[in-house]
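This report concerns only the one structure given below.
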Amino acid sequence: MGSLGLKPINTNGQKNSTVVVIEQEQVPASPATRLFHTKNLNCHIIAILGCTTKINPDVIKKGLESTLLNHPRFSSIPVVDEKKCVRKWKKTKVNVEEHIVCPDLDPNMDSPDEFLEKYTSNQTTIPLDMTKPLWEVHILNIKTSEANAIGILKLHHSIGDGMSIISLILACTRKASDPEALPTLPSSTKIKEKNDVGLLRRFCYYVWFLCMVFWYTIVDVVLFLATILFLKDTETPMKGGVGVEHSLKRLVHTTVSLDDMKIVKNALNLTINDVVMGMAQAGFSRYLNRRYGNKNGKGSSKTNNLPKNIRLRGSIVFNIRPSTGIKALAEMMEKKSKARWGNKIGYVLTRLPISLPDNPLDYIRQAKTIIDRKKLSLESRFSFSAAKLTQDIFGTKVAAKVTRRILSSTTVLISNVVGPQEEITFYGHKLAYVAPTTVGLPYAVTIHFQSYCNKMTISMAVDPQVIPDPYQLCDDLQDSLQMFKEAVTKQDMV
């Protein structure tokens, strides 16, 4: 290995584990991979899988050996060519037992939920060993309030984006009702164009559409550049400070009814994304109003304690390429075929108005207006291309600093990933819930919405120094949905 000028990347000062490097197979690292290996953007994905039965480590091990290890990113280590200063993925022989962590725990312990939170929070500050493939599976056979056992998948973000990882996890699962069938995801329905629309009207529509795309993209690019230079969010009680990306995070989650979200969606002719953003806007407003009230000594959440002109923006993650299908990933792992993979995500800087309107449905109407406008913008593709172009011209370190500056100028990261419609099993273990999150970004709050069956799990990673009461924020998000549901029900009765 030394003759080729290659060495494992070991930025954490850990001892090298025993790996066997296969010299022939080397793949250049993508721009996103290089970004995620910088100090400013050293991110990890932690997915908590609640199971309805006790987990058998031997079954998990065999399942990983027959599926996940066939994926090149899960059987490669990051290396750097010292002569060319190029980062690459290098194929290696994997010892699965080195990647499975199964602590000996008392199944009858007191406060298992508290133990789980402390365990997962500790994982946010423990780096992965860069001298072996960048993933781990933790098995906790303890009974919590929501599951009979817990599986934790921890991996480095350089392996892939959230959509890719969730798709990969689902490719390792099967329907609980049919052990041979892959899970199914809701398909997006597109409205078909009417053929009876006149040619002139259609031409005018396309001209108008292109003008809107051009104008909104220009506006968003200007605001994007302004964020790099000077534009920052208001310093609210939710905003993280310098070095927040390196602090310990508490991983918490709550579950709401997906059916309730669909009631609101259908009543107002919305999408689930619109409801999600409305919940975020309402939940943040309620939470901040309480925090400002406590700060001013008023302490009441019923009165308006919010300062005027709060600028609070969220970085909304967008998948900018057709997602790799579950079937394609399953075939790739079983037959070692090729499938599209990697980090192909852009982000948009989205305004989240903080207010206490008389009509709670105004939150959703505002959110829909903002999201519809963002859909007509190419900001997500611009952010992805700009990061790549900055890397090509100025190098990875500069691109990482610019990206961090943009993200740290906003307040929260939000993503929404669609999950399976039916109950599924992970190597024979039925799942009760899936709660993924991301740590290592310059945010005191990151929120991920993950649907599963008829439930929506709201998973958060928060800095306890900034958000000392994360379950209150969970309640505010949950109460916002209930508020929307009651409002549309009253609206239908009128």
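Each chain in the structure tokens gets a letter, A, B and so on, in the order shown; residues start at 1 in every chain, and ligands are counted from 1 in the order they appear.
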Shell around A:Arg351 at 7 Å using only C-alpha atoms, local window under 6 positions removed, as a count of residues only: 3
Which neighbours of A:Ala282 fall inside 9 Å, counting only C-alpha atoms, when residues of the same chain fewer than 4 positions from it are skipped, and could you give them as an NGL selection string? :A and (277-278 or 286-287 or 353-356 or 360 or 363-364 or 476-477 or 480-481)
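All residues in stretch 56-119 of chain A with a DSSP state of alpha helix (DSSP H), computed from the backbone, read Pro57, Asp58, Val59, Ile60, Lys61, Lys62, Gly63, Leu64, Glu65, Ser66, Pro112, Asp113, Glu114, Phe115, Leu116, Glu117, Lys118 and Tyr119 of chain A.
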Go ahead and save the picked residues with N, CA and C atoms, as an mmCIF file, in the first residue's frame.
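Resulting contents of selection.cif:
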```
data_model
loop_
_atom_site.group_PDB
_atom_site.id
_atom_site.type_symbol
_atom_site.label_atom_id
_atom_site.label_comp_id
_atom_site.auth_asym_id
_atom_site.auth_seq_id
_atom_site.Cartn_x
_atom_site.Cartn_y
_atom_site.Cartn_z
ATOM 1 N N PRO A 57 -28.538 -11.172 17.186
ATOM 2 C CA PRO A 57 -27.325 -10.656 16.531
ATOM 3 C C PRO A 57 -26.804 -11.554 15.417
ATOM 4 N N ASP A 58 -26.926 -12.877 15.581
ATOM 5 C CA ASP A 58 -26.432 -13.800 14.544
ATOM 6 C C ASP A 58 -27.223 -13.650 13.247
ATOM 7 N N VAL A 59 -28.520 -13.454 13.372
ATOM 8 C CA VAL A 59 -29.360 -13.272 12.178
ATOM 9 C C VAL A 59 -28.999 -11.963 11.481
ATOM 10 N N ILE A 60 -28.780 -10.906 12.276
ATOM 11 C CA ILE A 60 -28.390 -9.617 11.700
ATOM 12 C C ILE A 60 -27.044 -9.751 10.983
ATOM 13 N N LYS A 61 -26.117 -10.454 11.601
ATOM 14 C CA LYS A 61 -24.790 -10.625 10.998
ATOM 15 C C LYS A 61 -24.888 -11.333 9.643
ATOM 16 N N LYS A 62 -25.638 -12.424 9.585
ATOM 17 C CA LYS A 62 -25.788 -13.153 8.322
ATOM 18 C C LYS A 62 -26.484 -12.296 7.272
ATOM 19 N N GLY A 63 -27.485 -11.533 7.716
ATOM 20 C CA GLY A 63 -28.185 -10.668 6.774
ATOM 21 C C GLY A 63 -27.282 -9.601 6.195
ATOM 22 N N LEU A 64 -26.444 -8.990 7.048
ATOM 23 C CA LEU A 64 -25.513 -7.967 6.570
ATOM 24 C C LEU A 64 -24.498 -8.552 5.598
ATOM 25 N N GLU A 65 -24.014 -9.756 5.900
ATOM 26 C CA GLU A 65 -23.016 -10.395 5.031
ATOM 27 C C GLU A 65 -23.573 -10.704 3.652
ATOM 28 N N SER A 66 -24.864 -11.024 3.576
ATOM 29 C CA SER A 66 -25.453 -11.409 2.288
ATOM 30 C C SER A 66 -26.012 -10.226 1.502
ATOM 31 N N PRO A 112 -35.409 2.459 30.838
ATOM 32 C CA PRO A 112 -34.754 2.110 29.561
ATOM 33 C C PRO A 112 -34.820 3.238 28.532
ATOM 34 N N ASP A 113 -35.884 4.047 28.563
ATOM 35 C CA ASP A 113 -35.985 5.166 27.621
ATOM 36 C C ASP A 113 -34.887 6.197 27.876
ATOM 37 N N GLU A 114 -34.624 6.449 29.153
ATOM 38 C CA GLU A 114 -33.563 7.395 29.513
ATOM 39 C C GLU A 114 -32.195 6.840 29.117
ATOM 40 N N PHE A 115 -32.022 5.523 29.316
ATOM 41 C CA PHE A 115 -30.758 4.894 28.913
ATOM 42 C C PHE A 115 -30.550 5.012 27.414
ATOM 43 N N LEU A 116 -31.605 4.755 26.622
ATOM 44 C CA LEU A 116 -31.506 4.827 25.165
ATOM 45 C C LEU A 116 -31.118 6.236 24.723
ATOM 46 N N GLU A 117 -31.721 7.240 25.342
ATOM 47 C CA GLU A 117 -31.401 8.612 24.962
ATOM 48 C C GLU A 117 -29.947 8.943 25.275
ATOM 49 N N LYS A 118 -29.471 8.511 26.441
ATOM 50 C CA LYS A 118 -28.069 8.773 26.799
ATOM 51 C C LYS A 118 -27.127 8.020 25.874
ATOM 52 N N TYR A 119 -27.488 6.792 25.534
ATOM 53 C CA TYR A 119 -26.634 5.970 24.664
ATOM 54 C C TYR A 119 -26.518 6.612 23.283
#
```
Could you go through stretch 57-192 of chain A and tell me which residues DSSP, when run on the backbone, assigns to strand (DSSP E), listing them as a ChimeraX atom specification? /A:76-81,86-93,100-101,135-140,149-156,173-175
Name the closest residue to A:Ile152 among the candidates A:Gln26, A:Thr425, A:Asn95, A:Thr437; distances are taken between atoms, counting only C-alpha atoms. A:Thr437
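Atom CA of A:Pro72 is positioned 28.8 Å from atom CA of A:His246.
With only C-alpha atoms as the basis for measurement, A:Val244 is the residue among A:Val244, A:Val348, A:Leu223, A:Ile371 that approaches A:Pro464 most closely.
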Can you pull out every residue within 8 Å of A:Met261, counting only C-alpha atoms, but drop anything in the same chain fewer than 4 positions away, and send it as a PyMOL selection string? chain A and resi 257+265+272+275+481+485
With only C-alpha atoms as the counted atoms, please give the residues lying no more than 9 Å from A:Pro28, apart from itself and same-chain residues fewer than 6 positions off, as a PyMOL selection string. chain A and resi 86-90
Please dump the current selection as a PDB file, in the first residue's frame; keep N, CA and C atoms.
```
ATOM      1  N   VAL A  86      -5.398  13.157  -3.961  1.00  0.00           N
ATOM      2  CA  VAL A  86      -6.755  12.817  -4.389  1.00  0.00           C
ATOM      3  C   VAL A  86      -7.336  11.795  -3.420  1.00  0.00           C
ATOM      4  N   ARG A  87      -8.548  12.046  -2.951  1.00  0.00           N
ATOM      5  CA  ARG A  87      -9.230  11.103  -2.071  1.00  0.00           C
ATOM      6  C   ARG A  87      -9.936  10.042  -2.908  1.00  0.00           C
ATOM      7  N   LYS A  88      -9.895   8.813  -2.404  1.00  0.00           N
ATOM      8  CA  LYS A  88     -10.505   7.699  -3.118  1.00  0.00           C
ATOM      9  C   LYS A  88     -11.175   6.758  -2.130  1.00  0.00           C
ATOM     10  N   TRP A  89     -12.091   5.945  -2.674  1.00  0.00           N
ATOM     11  CA  TRP A  89     -12.637   4.812  -1.931  1.00  0.00           C
ATOM     12  C   TRP A  89     -11.840   3.577  -2.321  1.00  0.00           C
ATOM     13  N   LYS A  90     -11.402   2.812  -1.337  1.00  0.00           N
ATOM     14  CA  LYS A  90     -10.584   1.640  -1.619  1.00  0.00           C
ATOM     15  C   LYS A  90     -11.257   0.396  -1.041  1.00  0.00           C
TER      16      LYS A  90
END
```
Closest contacts (stretch 330-435 of chain A/stretch 39-47 of chain A, max 8 Å, only C-alpha atoms) as JSON lines:
```
{"residue": "A:Ala400", "atom": "CA", "partner": "A:Asn40", "partner_atom": "CA", "distance": 6.2}
{"residue": "A:Lys401", "atom": "CA", "partner": "A:Asn40", "partner_atom": "CA", "distance": 6.6}
{"residue": "A:Arg404", "atom": "CA", "partner": "A:Asn40", "partner_atom": "CA", "distance": 6.5}
{"residue": "A:Val434", "atom": "CA", "partner": "A:Ala47", "partner_atom": "CA", "distance": 6.9}
{"residue": "A:Ala435", "atom": "CA", "partner": "A:Ala47", "partner_atom": "CA", "distance": 5.6}
```
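Residue neighbourhood of A:Asp110, excluding near-sequence residues (fewer than 5 positions): Leu105, Phe115, Leu116, Ile142, Lys143, Thr144 and Ser145 of chain A, at 12 Å, using only C-alpha atoms.
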Take the residues that were just selected and, keeping N, CA and C atoms, output them as a CSV table (one decimal), in the first residue's frame.
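Writing the result to again.csv gives the following:
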```
chain,number,residue,atom,x,y,z
A,105,LEU,N,-26.6,-5.9,28.3
A,105,LEU,CA,-27.5,-5.0,29.1
A,105,LEU,C,-28.5,-5.8,29.9
A,115,PHE,N,-32.0,5.5,29.3
A,115,PHE,CA,-30.8,4.9,28.9
A,115,PHE,C,-30.6,5.0,27.4
A,116,LEU,N,-31.6,4.8,26.6
A,116,LEU,CA,-31.5,4.8,25.2
A,116,LEU,C,-31.1,6.2,24.7
A,142,ILE,N,-33.2,-4.1,24.9
A,142,ILE,CA,-33.9,-3.6,26.0
A,142,ILE,C,-35.3,-3.2,25.6
A,143,LYS,N,-36.3,-3.3,26.5
A,143,LYS,CA,-37.6,-2.9,26.2
A,143,LYS,C,-37.9,-1.5,26.6
A,144,THR,N,-38.2,-0.7,25.6
A,144,THR,CA,-38.6,0.7,25.8
A,144,THR,C,-40.1,0.9,25.8
A,145,SER,N,-40.5,2.1,25.9
A,145,SER,CA,-42.0,2.4,25.8
A,145,SER,C,-42.6,2.2,24.4
```
To one decimal place, how far is atom CA of A:Asn266 from atom CA of A:Pro357 in Å? 22.0 Å
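If you count only C-alpha atoms and ignore residues fewer than 3 places along the chain from A:Tyr216, what sits within 12 Å of it is A:Phe209, A:Leu210, A:Cys211, A:Met212, A:Val213, A:Val219, A:Asp220, A:Val221, A:Val222, A:Leu223, A:Phe224, A:Ile370, A:Ile371, A:Asp372, A:Arg373, A:Lys374, A:Lys375, A:Leu376, A:Ser377, A:Leu378, A:Glu379.
Within 12 Å of A:Lys175, once only C-alpha atoms are used and residues closer than 2 positions along the same chain are dropped, the contacting residues are Leu170, Ala171, Cys172, Thr173, Ser177, Asp178, Pro179, Glu180, Ala181, Leu182, Pro183, Thr184, Leu185, Pro420, Gln421, Glu422, Glu423, Ile424, Thr425, Phe426, Tyr427, Gly428, His429, Lys430, Leu431 and Cys453 of chain A.
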Keeping only N, CA and C atoms, write the selected residues to a file as a PDB file, in the first residue's frame.
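So the final result, stored in again_7.pdb, reads:
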```
ATOM      1  N   LEU A 170     -34.354   0.133   3.378  1.00  0.00           N
ATOM      2  CA  LEU A 170     -35.588  -0.502   2.940  1.00  0.00           C
ATOM      3  C   LEU A 170     -35.322  -1.664   1.986  1.00  0.00           C
ATOM      4  N   ALA A 171     -34.223  -1.591   1.225  1.00  0.00           N
ATOM      5  CA  ALA A 171     -33.872  -2.692   0.324  1.00  0.00           C
ATOM      6  C   ALA A 171     -33.456  -3.933   1.103  1.00  0.00           C
ATOM      7  N   CYS A 172     -33.088  -3.740   2.370  1.00  0.00           N
ATOM      8  CA  CYS A 172     -32.738  -4.868   3.239  1.00  0.00           C
ATOM      9  C   CYS A 172     -33.941  -5.394   4.000  1.00  0.00           C
ATOM     10  N   THR A 173     -35.114  -4.792   3.783  1.00  0.00           N
ATOM     11  CA  THR A 173     -36.313  -5.201   4.506  1.00  0.00           C
ATOM     12  C   THR A 173     -37.281  -5.929   3.572  1.00  0.00           C
ATOM     13  N   SER A 177     -46.158  -8.913   5.916  1.00  0.00           N
ATOM     14  CA  SER A 177     -47.216  -9.803   5.427  1.00  0.00           C
ATOM     15  C   SER A 177     -46.734 -10.761   4.350  1.00  0.00           C
ATOM     16  N   ASP A 178     -45.597 -10.452   3.724  1.00  0.00           N
ATOM     17  CA  ASP A 178     -45.049 -11.283   2.654  1.00  0.00           C
ATOM     18  C   ASP A 178     -43.525 -11.243   2.742  1.00  0.00           C
ATOM     19  N   PRO A 179     -42.899 -12.239   3.387  1.00  0.00           N
ATOM     20  CA  PRO A 179     -41.447 -12.223   3.624  1.00  0.00           C
ATOM     21  C   PRO A 179     -40.590 -12.168   2.365  1.00  0.00           C
ATOM     22  N   GLU A 180     -41.184 -12.402   1.195  1.00  0.00           N
ATOM     23  CA  GLU A 180     -40.416 -12.388  -0.043  1.00  0.00           C
ATOM     24  C   GLU A 180     -40.556 -11.067  -0.803  1.00  0.00           C
ATOM     25  N   ALA A 181     -41.473 -10.210  -0.376  1.00  0.00           N
ATOM     26  CA  ALA A 181     -41.784  -8.997  -1.142  1.00  0.00           C
ATOM     27  C   ALA A 181     -41.099  -7.782  -0.537  1.00  0.00           C
ATOM     28  N   LEU A 182     -40.575  -6.924  -1.418  1.00  0.00           N
ATOM     29  CA  LEU A 182     -40.004  -5.654  -0.987  1.00  0.00           C
ATOM     30  C   LEU A 182     -41.112  -4.692  -0.576  1.00  0.00           C
ATOM     31  N   PRO A 183     -40.819  -3.768   0.332  1.00  0.00           N
ATOM     32  CA  PRO A 183     -41.842  -2.780   0.720  1.00  0.00           C
ATOM     33  C   PRO A 183     -42.171  -1.849  -0.431  1.00  0.00           C
ATOM     34  N   THR A 184     -43.330  -1.241  -0.360  1.00  0.00           N
ATOM     35  CA  THR A 184     -43.753  -0.316  -1.406  1.00  0.00           C
ATOM     36  C   THR A 184     -43.821   1.093  -0.830  1.00  0.00           C
ATOM     37  N   LEU A 185     -43.448   2.052  -1.649  1.00  0.00           N
ATOM     38  CA  LEU A 185     -43.504   3.451  -1.259  1.00  0.00           C
ATOM     39  C   LEU A 185     -44.639   4.127  -2.015  1.00  0.00           C
ATOM     40  N   PRO A 420     -42.202   3.325   3.886  1.00  0.00           N
ATOM     41  CA  PRO A 420     -43.123   2.296   3.358  1.00  0.00           C
ATOM     42  C   PRO A 420     -44.535   2.456   3.899  1.00  0.00           C
ATOM     43  N   GLN A 421     -45.488   1.953   3.137  1.00  0.00           N
ATOM     44  CA  GLN A 421     -46.892   2.082   3.508  1.00  0.00           C
ATOM     45  C   GLN A 421     -47.367   0.956   4.405  1.00  0.00           C
ATOM     46  N   GLU A 422     -46.586  -0.134   4.476  1.00  0.00           N
ATOM     47  CA  GLU A 422     -47.000  -1.272   5.281  1.00  0.00           C
ATOM     48  C   GLU A 422     -45.908  -1.641   6.284  1.00  0.00           C
ATOM     49  N   GLU A 423     -46.241  -2.483   7.247  1.00  0.00           N
ATOM     50  CA  GLU A 423     -45.253  -2.922   8.228  1.00  0.00           C
ATOM     51  C   GLU A 423     -44.181  -3.753   7.525  1.00  0.00           C
ATOM     52  N   ILE A 424     -42.928  -3.579   7.955  1.00  0.00           N
ATOM     53  CA  ILE A 424     -41.816  -4.273   7.323  1.00  0.00           C
ATOM     54  C   ILE A 424     -40.961  -4.960   8.376  1.00  0.00           C
ATOM     55  N   THR A 425     -40.135  -5.883   7.915  1.00  0.00           N
ATOM     56  CA  THR A 425     -39.196  -6.587   8.792  1.00  0.00           C
ATOM     57  C   THR A 425     -37.772  -6.315   8.326  1.00  0.00           C
ATOM     58  N   PHE A 426     -36.861  -6.162   9.279  1.00  0.00           N
ATOM     59  CA  PHE A 426     -35.441  -5.958   8.988  1.00  0.00           C
ATOM     60  C   PHE A 426     -34.716  -7.241   9.353  1.00  0.00           C
ATOM     61  N   TYR A 427     -34.403  -8.048   8.341  1.00  0.00           N
ATOM     62  CA  TYR A 427     -33.826  -9.372   8.549  1.00  0.00           C
ATOM     63  C   TYR A 427     -34.677 -10.186   9.526  1.00  0.00           C
ATOM     64  N   GLY A 428     -35.997 -10.173   9.294  1.00  0.00           N
ATOM     65  CA  GLY A 428     -36.918 -10.970  10.095  1.00  0.00           C
ATOM     66  C   GLY A 428     -37.421 -10.300  11.352  1.00  0.00           C
ATOM     67  N   HIS A 429     -36.940  -9.101  11.666  1.00  0.00           N
ATOM     68  CA  HIS A 429     -37.365  -8.392  12.865  1.00  0.00           C
ATOM     69  C   HIS A 429     -38.328  -7.264  12.465  1.00  0.00           C
ATOM     70  N   LYS A 430     -39.590  -7.380  12.920  1.00  0.00           N
ATOM     71  CA  LYS A 430     -40.585  -6.378  12.549  1.00  0.00           C
ATOM     72  C   LYS A 430     -40.255  -5.036  13.195  1.00  0.00           C
ATOM     73  N   LEU A 431     -40.366  -3.976  12.395  1.00  0.00           N
ATOM     74  CA  LEU A 431     -40.037  -2.640  12.870  1.00  0.00           C
ATOM     75  C   LEU A 431     -41.271  -1.934  13.425  1.00  0.00           C
ATOM     76  N   CYS A 453     -45.879   3.349   7.645  1.00  0.00           N
ATOM     77  CA  CYS A 453     -47.266   2.884   7.777  1.00  0.00           C
ATOM     78  C   CYS A 453     -48.183   4.098   7.903  1.00  0.00           C
TER      79      CYS A 453
END
```
